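Colleague: Mind looking over this structure? Questions follow.
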Amino acid sequence: QVQLVESGGGLVQPGGSLRLSCAASGFTFSSYAMSWYRQAPGKERELVAVISTTGGSTNYADSVKGRFTISSDNAKNTVYLRMNSLKPEDTARYYCNAHLDSIRNFWGQGTQVTVSS
């Protein structure tokens, strides 16, 4: 069955860094667009970054451009999100998403990121 397992979240001080990982299984990883979303309490889930695992093209939310980097390792079926210069407003639960079409759209359980001094 399809599994997306996120890891790497935690508590970090403002200005710090974290790297999130999403290990995928149960589908053809290289055929899907892989994304990171986040959801803060009381807010809607928002797209943070997306990568095409075929061509490697990426796109980012304006709020994270220049600070976050999404990457993928097709050999390991894993997508990463490197987060630098973290701000308190980056505090949220971060979710991994694999998307092929409206039916084949999968989510992980999420990993919590808290940015606080």
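A note on labels: chains of the structure tokens are A, B, ... as shown, every chain counts residues from 1, and ligands are counted from 1 in their shown order.
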Quick one: pick out all helix (DSSP H, G or I) residues within chain A from a backbone DSSP run and write them as a ChimeraX atom specification.
Modeller: /A:29-31,88-90
Colleague: Generate a file of the selected residues that holds N, CA and C atoms, formatted as a PDB file, in the first residue's frame.
Modeller:
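Written file, out_28.pdb:
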```pdb
ATOM      1  N   PHE A  29       7.503   6.188  -7.658  1.00  0.00           N
ATOM      2  CA  PHE A  29       7.927   7.493  -7.152  1.00  0.00           C
ATOM      3  C   PHE A  29       8.282   8.451  -8.283  1.00  0.00           C
ATOM      4  N   SER A  30       8.986   7.970  -9.278  1.00  0.00           N
ATOM      5  CA  SER A  30       9.509   8.848 -10.326  1.00  0.00           C
ATOM      6  C   SER A  30       8.425   9.392 -11.246  1.00  0.00           C
ATOM      7  N   SER A  31       7.207   8.899 -11.106  1.00  0.00           N
ATOM      8  CA  SER A  31       6.113   9.370 -11.964  1.00  0.00           C
ATOM      9  C   SER A  31       5.298  10.488 -11.322  1.00  0.00           C
ATOM     10  N   PRO A  88       9.582  32.132  13.380  1.00  0.00           N
ATOM     11  CA  PRO A  88       8.442  31.624  14.151  1.00  0.00           C
ATOM     12  C   PRO A  88       7.207  31.350  13.283  1.00  0.00           C
ATOM     13  N   GLU A  89       7.040  32.132  12.254  1.00  0.00           N
ATOM     14  CA  GLU A  89       5.878  31.924  11.374  1.00  0.00           C
ATOM     15  C   GLU A  89       5.987  30.680  10.510  1.00  0.00           C
ATOM     16  N   ASP A  90       7.114  30.007  10.533  1.00  0.00           N
ATOM     17  CA  ASP A  90       7.256  28.721   9.848  1.00  0.00           C
ATOM     18  C   ASP A  90       6.718  27.569  10.707  1.00  0.00           C
TER      19      ASP A  90
END
```
Colleague: What lies within 12 Å of Thr69 in chain A using only C-alpha atoms, ignoring chain neighbours under 3 positions off, as an MDAnalysis selection string?
Modeller: chainID A and resid 17:21 35:36 48:51 57:61 64:66 72 79:85
Colleague: List as a ChimeraX atom specification the protein and nucleic acid residues near Gln112 in chain A, meaning an atom at most 12 Å away when only C-alpha atoms are counted, but skip any in the same chain fewer than 2 places from it.
Modeller: /A:6-12,18,20,37-41,90-96,109-110,114-115
Colleague: Now that the selection is made, can you save its residues with C-alpha atoms as a short mmCIF file (atom, residue, chain, number, x, y, z; two decimals), in the first residue's frame?
Modeller:
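The file below, part00.cif, is the result:
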```
data_model
loop_
_atom_site.label_atom_id
_atom_site.label_comp_id
_atom_site.auth_asym_id
_atom_site.auth_seq_id
_atom_site.Cartn_x
_atom_site.Cartn_y
_atom_site.Cartn_z
CA GLU A 6 7.82 12.10 7.20
CA SER A 7 10.63 12.67 9.68
CA GLY A 8 13.03 15.38 10.80
CA GLY A 9 10.70 17.82 12.51
CA GLY A 10 11.34 19.27 15.93
CA LEU A 11 11.91 22.37 17.99
CA VAL A 12 14.42 24.87 16.65
CA LEU A 18 16.06 21.60 9.84
CA LEU A 20 12.66 17.08 6.65
CA TYR A 37 2.62 21.42 2.48
CA ARG A 38 2.21 22.91 5.92
CA GLN A 39 -0.67 23.74 8.19
CA ALA A 40 -0.52 26.01 11.21
CA PRO A 41 -3.21 25.98 13.90
CA ASP A 90 7.26 28.72 9.85
CA THR A 91 5.81 26.84 12.82
CA ALA A 92 3.35 24.29 11.46
CA ARG A 93 2.78 20.64 10.80
CA TYR A 94 4.53 19.75 7.56
CA TYR A 95 3.00 17.18 5.24
CA CYS A 96 4.45 15.27 2.33
CA GLN A 109 0.83 11.92 8.53
CA GLY A 110 2.98 14.99 8.92
CA THR A 114 8.18 24.50 15.97
CA VAL A 115 10.34 27.59 15.70
#
```
Colleague: Taking the chain letters and numbering used in this document, name the residues of range 36-89 of chain A that DSSP puts in strand (DSSP E), as a list in words.
Modeller: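 The strand (DSSP E) subset of range 36-89 of chain A is Trp36, Tyr37, Arg38, Gln39, Glu46, Leu47, Val48, Ala49, Val50, Ile51, Ser52, Thr58, Asn59, Tyr60, Phe68, Thr69, Ile70, Ser71, Ser72, Asp73, Thr78, Val79, Tyr80, Leu81, Arg82 and Met83 of chain A.
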